[in-house]
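Text of the file coords-v9.txt, holding compact mmCIF, C-alpha atoms:
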# COMPACT_ATOMS: atom_id res chain seq x y z
CA MET A 239 57.67 127.08 77.60
CA GLN A 240 58.95 127.26 74.02
CA ALA A 241 60.12 124.15 72.16
CA THR A 242 63.88 123.85 71.82
CA ASN A 243 65.53 123.72 68.39
CA ASN A 244 65.45 119.90 68.52
CA GLN A 245 61.70 119.84 69.20
CA GLN A 246 60.66 122.63 66.83
CA PRO A 247 60.47 120.38 63.72
CA ILE A 248 58.31 117.90 65.65
CA THR A 249 56.02 120.66 66.90
CA ASN A 250 55.77 122.13 63.39
CA LEU A 251 54.96 118.71 61.92
CA ILE A 252 52.22 117.99 64.45
CA ASN A 253 50.76 121.47 64.10
CA SER A 254 50.66 121.10 60.30
CA LEU A 255 48.92 117.72 60.62
CA LEU A 256 46.29 119.08 63.00
CA GLN A 257 45.83 122.55 61.43
CA PRO A 258 43.10 121.48 58.95
CA PHE A 259 40.88 120.51 61.90
CA GLN A 260 40.96 123.97 63.50
CA HIS A 261 37.77 125.54 62.18
CA PHE A 262 36.38 128.89 63.20
CA GLY A 263 33.26 128.79 65.35
CA VAL A 264 31.65 126.58 67.93
CA HIS A 265 29.45 123.61 67.09
CA LEU A 266 27.57 122.64 70.22
CA GLY A 267 26.35 119.09 70.72
CA LEU A 268 27.87 115.64 70.61
CA GLU A 269 26.40 114.36 67.34
CA ARG A 270 29.55 114.88 65.25
CA ILE A 271 31.93 113.28 67.75
CA LYS A 272 29.52 110.38 68.36
CA HIS A 273 29.37 109.80 64.60
CA LEU A 274 33.17 109.91 64.29
CA LEU A 275 33.63 107.50 67.21
CA ASP A 276 31.06 105.16 65.66
CA GLN A 277 33.00 105.21 62.37
CA LEU A 278 36.17 104.32 64.33
CA ASN A 279 34.34 101.37 66.01
CA ASN A 280 33.90 103.20 69.32
CA PRO A 281 37.42 102.82 70.73
CA HIS A 282 36.33 104.52 73.98
CA HIS A 283 34.12 101.51 74.77
CA ARG A 284 37.11 99.14 74.81
CA VAL A 285 39.05 100.73 77.67
CA PRO A 286 38.20 101.86 81.19
CA ILE A 287 38.58 105.61 81.59
CA ILE A 288 39.26 107.92 84.53
CA HIS A 289 38.35 111.52 83.72
CA VAL A 290 40.09 114.03 85.99
CA ALA A 291 38.49 117.48 86.07
CA GLY A 292 38.64 120.55 88.27
CA THR A 293 40.42 123.83 88.69
CA ASN A 294 43.77 122.90 90.23
CA GLY A 295 45.87 119.76 90.59
CA LYS A 296 44.72 117.79 87.54
CA GLY A 297 48.25 117.24 86.27
CA SER A 298 49.46 116.01 89.65
CA VAL A 299 46.47 113.71 90.10
CA CYS A 300 46.99 112.26 86.62
CA ALA A 301 50.71 111.76 87.28
CA TYR A 302 49.98 109.98 90.58
CA LEU A 303 47.27 107.78 89.08
CA SER A 304 49.42 106.92 86.05
CA SER A 305 52.37 105.99 88.23
CA ILE A 306 50.31 103.87 90.63
CA LEU A 307 48.40 102.04 87.88
CA THR A 308 51.53 101.45 85.78
CA GLU A 309 53.37 100.01 88.81
CA ALA A 310 50.35 97.77 89.46
CA GLY A 311 50.81 96.30 85.98
CA TYR A 312 48.14 98.15 84.03
CA LYS A 313 48.72 99.63 80.60
CA VAL A 314 48.01 103.31 81.24
CA GLY A 315 47.28 105.96 78.63
CA ARG A 316 47.24 109.61 79.60
CA TYR A 317 46.31 112.76 77.70
CA THR A 318 47.17 116.15 79.15
CA SER A 319 47.10 119.61 77.67
CA PRO A 320 48.86 121.88 77.22
CA HIS A 321 52.27 120.32 76.78
CA LEU A 322 55.33 121.72 78.54
CA VAL A 323 58.13 121.09 76.05
CA ASP A 324 57.07 118.81 73.18
CA TRP A 325 53.63 118.15 71.70
CA THR A 326 54.07 114.36 71.92
CA GLU A 327 54.17 114.50 75.73
CA ARG A 328 50.43 115.19 75.68
CA ILE A 329 49.74 111.54 74.80
CA CYS A 330 51.61 108.96 76.88
CA ILE A 331 51.42 105.20 77.33
CA ASN A 332 52.97 104.00 80.58
CA GLY A 333 54.72 107.34 80.95
CA GLN A 334 56.30 107.30 77.46
CA PRO A 335 55.32 109.99 74.94
CA ILE A 336 53.65 108.81 71.76
CA ALA A 337 56.00 108.22 68.83
CA ILE A 338 55.64 110.69 65.96
CA SER A 339 55.04 107.83 63.52
CA THR A 340 52.24 106.43 65.71
CA LEU A 341 50.62 109.85 66.01
CA GLU A 342 50.87 110.37 62.24
CA GLY A 343 49.17 107.00 61.69
CA ILE A 344 46.33 107.84 64.07
CA ILE A 345 45.80 111.25 62.47
CA ALA A 346 45.80 109.62 59.01
CA GLU A 347 43.21 107.04 60.15
CA ILE A 348 40.91 109.72 61.58
CA THR A 349 41.40 111.98 58.55
CA ALA A 350 40.43 109.11 56.21
CA VAL A 351 37.20 108.55 58.14
CA ILE A 352 36.36 112.27 58.14
CA GLU A 353 37.14 112.76 54.45
CA ASN A 354 35.70 109.44 53.20
CA PRO A 355 32.77 108.43 55.39
CA PRO A 356 31.79 104.79 54.72
CA ASN A 357 28.04 105.53 54.62
CA PRO A 358 27.56 109.15 53.56
CA PRO A 359 24.04 110.46 54.02
CA SER A 360 21.94 110.48 50.86
What would you get if you wrote out this structure as structure tokens?
Amino acid sequence: MQATNNQQPITNLINSLLQPFQHFGVHLGLERIKHLLDQLNNPHHRVPIIHVAGTNGKGSVCAYLSSILTEAGYKVGRYTSPHLVDWTERICINGQPIAISTLEGIIAEITAVIENPPNPPS
């Protein structure tokens, strides 16, 4: 589904922010992402995670789980891809898409770590 005229500037902004990270080629292994996560103080260790995988039904399962856990009082984050209408719907907290300003801040934080590693190898 194409973005409407109202969403096109948002989609263009997000695409321009993420474009520098789209490199040609495949780099197998987890070393680079482990290093990045370490530089970001391992945020994945601070939250419980449910990883939904498979061929069909992932979106429905995630929607059900998000709804149930949110109603039970949990703060629920969800990432899905691809988006249907607007890029921000990929990242939701308690069913609400991420704010553009929040996404920009996160991208800036990650970019700073990538471009200026605190302990570059010698």
Between A:Gln246, A:Leu251, A:Tyr302, A:Thr293, smallest distance to Ile338 in chain A by only C-alpha atoms belongs to A:Leu251
Nearest to Thr326 in chain A by atom-to-atom distance, counting only C-alpha atoms, from A:Leu268, A:Lys296, A:Ser339, A:Ile352: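 Using only C-alpha atoms, the shortest distance to Thr326 in chain A belongs to A:Ser339.
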Closest of A:Ala337, A:Leu278, A:Cys330, A:Val285 to Cys300 in chain A - atom-to-atom distances counting only C-alpha atoms: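 Checking each of A:Ala337, A:Leu278, A:Cys330, A:Val285 against Cys300 in chain A, counting only C-alpha atoms, the winner is A:Cys330.
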Mind pulling up the distance from CA of His273 in chain A to CA of His289 in chain A? 21.2 Å
Using only C-alpha atoms, what residues lie at most 12 Å away from (53.6, 115.3, 86.4) (file coordinates), given as number ranges by chain? A: 295-305, 316-319, 321-322, 327-328, 330, 333
Rounded to one decimal, what separation in Å do you get between CA of Glu347 in chain A and CA of Gly267 in chain A?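 Result for CA of Glu347 in chain A versus CA of Gly267 in chain A: 23.3 Å, one decimal.
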re CA of Thr249 in chain A and CA of Leu341 in chain A: distance 12.1 Å
So which one's closest to Glu309 in chain A, A:Asn332, A:Leu255, A:Gly292, A:Trp325? Using all atoms listed in the file, please.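 That would be A:Asn332, the residue with the smallest distance to Glu309 in chain A.
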Using only C-alpha atoms, determine which residues lie at most 6 Å from Ile331 in chain A, disregarding the query and same-chain residues fewer than 3 positions distant; provide the list as a list of chain:residue names.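 Skipping anything fewer than 3 positions along the chain leaves A:Val314, A:Gly315, A:Gln334.
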Kindly indicate which residue among A:Pro281, A:Pro286, A:Pro258, A:Pro320 lies nearest to Ile345 in chain A, using all atoms listed in the file for the distances.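 Looking at the shortest contact to Ile345 in chain A, the residue is A:Pro258.
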As a PDB file, keeping the file's coordinate frame, please: range 316-327 of chain A completed to all heavy atoms.
ATOM      1  N   ARG A 316      47.530 108.334  78.948  1.00  0.00           N
ATOM      2  CA  ARG A 316      47.240 109.610  79.600  1.00  0.00           C
ATOM      3  C   ARG A 316      47.314 110.719  78.542  1.00  0.00           C
ATOM      4  O   ARG A 316      48.247 110.771  77.750  1.00  0.00           O
ATOM      5  CB  ARG A 316      48.250 109.878  80.708  1.00  0.00           C
ATOM      6  CG  ARG A 316      48.022 111.200  81.436  1.00  0.00           C
ATOM      7  CD  ARG A 316      49.055 111.438  82.536  1.00  0.00           C
ATOM      8  NE  ARG A 316      50.344 111.761  81.954  1.00  0.00           N
ATOM      9  CZ  ARG A 316      51.483 111.170  82.297  1.00  0.00           C
ATOM     10  NH1 ARG A 316      51.505 110.223  83.207  1.00  0.00           N
ATOM     11  NH2 ARG A 316      52.609 111.530  81.727  1.00  0.00           N
ATOM     12  N   TYR A 317      46.295 111.570  78.544  1.00  0.00           N
ATOM     13  CA  TYR A 317      46.310 112.760  77.700  1.00  0.00           C
ATOM     14  C   TYR A 317      46.242 113.976  78.595  1.00  0.00           C
ATOM     15  O   TYR A 317      45.364 114.078  79.454  1.00  0.00           O
ATOM     16  CB  TYR A 317      45.112 112.786  76.733  1.00  0.00           C
ATOM     17  CG  TYR A 317      45.096 114.066  75.920  1.00  0.00           C
ATOM     18  CD1 TYR A 317      45.863 114.175  74.768  1.00  0.00           C
ATOM     19  CD2 TYR A 317      44.373 115.169  76.331  1.00  0.00           C
ATOM     20  CE1 TYR A 317      45.892 115.355  74.044  1.00  0.00           C
ATOM     21  CE2 TYR A 317      44.392 116.361  75.616  1.00  0.00           C
ATOM     22  CZ  TYR A 317      45.152 116.436  74.475  1.00  0.00           C
ATOM     23  OH  TYR A 317      45.192 117.606  73.766  1.00  0.00           O
ATOM     24  N   THR A 318      47.175 114.886  78.417  1.00  0.00           N
ATOM     25  CA  THR A 318      47.170 116.150  79.150  1.00  0.00           C
ATOM     26  C   THR A 318      47.416 117.287  78.172  1.00  0.00           C
ATOM     27  O   THR A 318      48.056 117.112  77.136  1.00  0.00           O
ATOM     28  CB  THR A 318      48.261 116.181  80.250  1.00  0.00           C
ATOM     29  OG1 THR A 318      49.534 115.919  79.651  1.00  0.00           O
ATOM     30  CG2 THR A 318      47.985 115.150  81.333  1.00  0.00           C
ATOM     31  N   SER A 319      46.907 118.437  78.506  1.00  0.00           N
ATOM     32  CA  SER A 319      47.100 119.610  77.670  1.00  0.00           C
ATOM     33  C   SER A 319      47.052 120.834  78.577  1.00  0.00           C
ATOM     34  O   SER A 319      46.262 120.859  79.523  1.00  0.00           O
ATOM     35  CB  SER A 319      45.985 119.691  76.631  1.00  0.00           C
ATOM     36  OG  SER A 319      46.117 120.840  75.836  1.00  0.00           O
ATOM     37  N   PRO A 320      47.892 121.791  78.306  1.00  0.00           N
ATOM     38  CA  PRO A 320      48.860 121.880  77.220  1.00  0.00           C
ATOM     39  C   PRO A 320      50.131 121.096  77.546  1.00  0.00           C
ATOM     40  O   PRO A 320      50.309 120.630  78.655  1.00  0.00           O
ATOM     41  CB  PRO A 320      49.160 123.377  77.155  1.00  0.00           C
ATOM     42  CG  PRO A 320      48.988 123.845  78.565  1.00  0.00           C
ATOM     43  CD  PRO A 320      47.880 123.003  79.136  1.00  0.00           C
ATOM     44  N   HIS A 321      50.988 120.974  76.548  1.00  0.00           N
ATOM     45  CA  HIS A 321      52.270 120.320  76.780  1.00  0.00           C
ATOM     46  C   HIS A 321      53.260 121.338  77.363  1.00  0.00           C
ATOM     47  O   HIS A 321      53.045 122.534  77.275  1.00  0.00           O
ATOM     48  CB  HIS A 321      52.819 119.709  75.489  1.00  0.00           C
ATOM     49  CG  HIS A 321      53.024 120.704  74.394  1.00  0.00           C
ATOM     50  ND1 HIS A 321      52.008 121.104  73.554  1.00  0.00           N
ATOM     51  CD2 HIS A 321      54.119 121.391  74.007  1.00  0.00           C
ATOM     52  CE1 HIS A 321      52.480 121.977  72.689  1.00  0.00           C
ATOM     53  NE2 HIS A 321      53.755 122.184  72.942  1.00  0.00           N
ATOM     54  N   LEU A 322      54.319 120.833  77.966  1.00  0.00           N
ATOM     55  CA  LEU A 322      55.330 121.720  78.540  1.00  0.00           C
ATOM     56  C   LEU A 322      56.469 121.991  77.572  1.00  0.00           C
ATOM     57  O   LEU A 322      56.906 123.126  77.417  1.00  0.00           O
ATOM     58  CB  LEU A 322      55.892 121.108  79.832  1.00  0.00           C
ATOM     59  CG  LEU A 322      54.882 120.935  80.960  1.00  0.00           C
ATOM     60  CD1 LEU A 322      55.529 120.225  82.141  1.00  0.00           C
ATOM     61  CD2 LEU A 322      54.313 122.276  81.382  1.00  0.00           C
ATOM     62  N   VAL A 323      56.968 120.938  76.922  1.00  0.00           N
ATOM     63  CA  VAL A 323      58.130 121.090  76.050  1.00  0.00           C
ATOM     64  C   VAL A 323      57.815 120.635  74.626  1.00  0.00           C
ATOM     65  O   VAL A 323      58.058 121.339  73.668  1.00  0.00           O
ATOM     66  CB  VAL A 323      59.342 120.294  76.600  1.00  0.00           C
ATOM     67  CG1 VAL A 323      60.525 120.393  75.656  1.00  0.00           C
ATOM     68  CG2 VAL A 323      59.719 120.793  77.983  1.00  0.00           C
ATOM     69  N   ASP A 324      57.260 119.442  74.475  1.00  0.00           N
ATOM     70  CA  ASP A 324      57.070 118.810  73.180  1.00  0.00           C
ATOM     71  C   ASP A 324      55.633 118.325  73.055  1.00  0.00           C
ATOM     72  O   ASP A 324      55.088 117.746  74.000  1.00  0.00           O
ATOM     73  CB  ASP A 324      58.048 117.633  73.066  1.00  0.00           C
ATOM     74  CG  ASP A 324      58.025 116.971  71.718  1.00  0.00           C
ATOM     75  OD1 ASP A 324      56.943 116.630  71.233  1.00  0.00           O
ATOM     76  OD2 ASP A 324      59.111 116.772  71.143  1.00  0.00           O
ATOM     77  N   TRP A 325      55.021 118.508  71.897  1.00  0.00           N
ATOM     78  CA  TRP A 325      53.630 118.150  71.700  1.00  0.00           C
ATOM     79  C   TRP A 325      53.366 116.674  72.021  1.00  0.00           C
ATOM     80  O   TRP A 325      52.300 116.340  72.554  1.00  0.00           O
ATOM     81  CB  TRP A 325      53.216 118.441  70.242  1.00  0.00           C
ATOM     82  CG  TRP A 325      51.748 118.664  70.087  1.00  0.00           C
ATOM     83  CD1 TRP A 325      51.122 119.865  69.998  1.00  0.00           C
ATOM     84  CD2 TRP A 325      50.728 117.677  70.033  1.00  0.00           C
ATOM     85  NE1 TRP A 325      49.760 119.680  69.888  1.00  0.00           N
ATOM     86  CE2 TRP A 325      49.496 118.337  69.908  1.00  0.00           C
ATOM     87  CE3 TRP A 325      50.718 116.290  70.087  1.00  0.00           C
ATOM     88  CZ2 TRP A 325      48.280 117.677  69.827  1.00  0.00           C
ATOM     89  CZ3 TRP A 325      49.503 115.622  70.025  1.00  0.00           C
ATOM     90  CH2 TRP A 325      48.302 116.326  69.886  1.00  0.00           C
ATOM     91  N   THR A 326      54.303 115.797  71.726  1.00  0.00           N
ATOM     92  CA  THR A 326      54.070 114.360  71.920  1.00  0.00           C
ATOM     93  C   THR A 326      53.894 113.982  73.386  1.00  0.00           C
ATOM     94  O   THR A 326      53.333 112.933  73.679  1.00  0.00           O
ATOM     95  CB  THR A 326      55.204 113.516  71.316  1.00  0.00           C
ATOM     96  OG1 THR A 326      56.449 113.884  71.935  1.00  0.00           O
ATOM     97  CG2 THR A 326      55.302 113.712  69.809  1.00  0.00           C
ATOM     98  N   GLU A 327      54.329 114.830  74.312  1.00  0.00           N
ATOM     99  CA  GLU A 327      54.170 114.500  75.730  1.00  0.00           C
ATOM    100  C   GLU A 327      52.712 114.585  76.168  1.00  0.00           C
ATOM    101  O   GLU A 327      52.361 114.115  77.242  1.00  0.00           O
ATOM    102  CB  GLU A 327      55.041 115.393  76.605  1.00  0.00           C
ATOM    103  CG  GLU A 327      54.567 116.817  76.680  1.00  0.00           C
ATOM    104  CD  GLU A 327      55.567 117.761  77.326  1.00  0.00           C
ATOM    105  OE1 GLU A 327      56.766 117.715  76.979  1.00  0.00           O
ATOM    106  OE2 GLU A 327      55.126 118.545  78.172  1.00  0.00           O
TER     107      GLU A 327
END
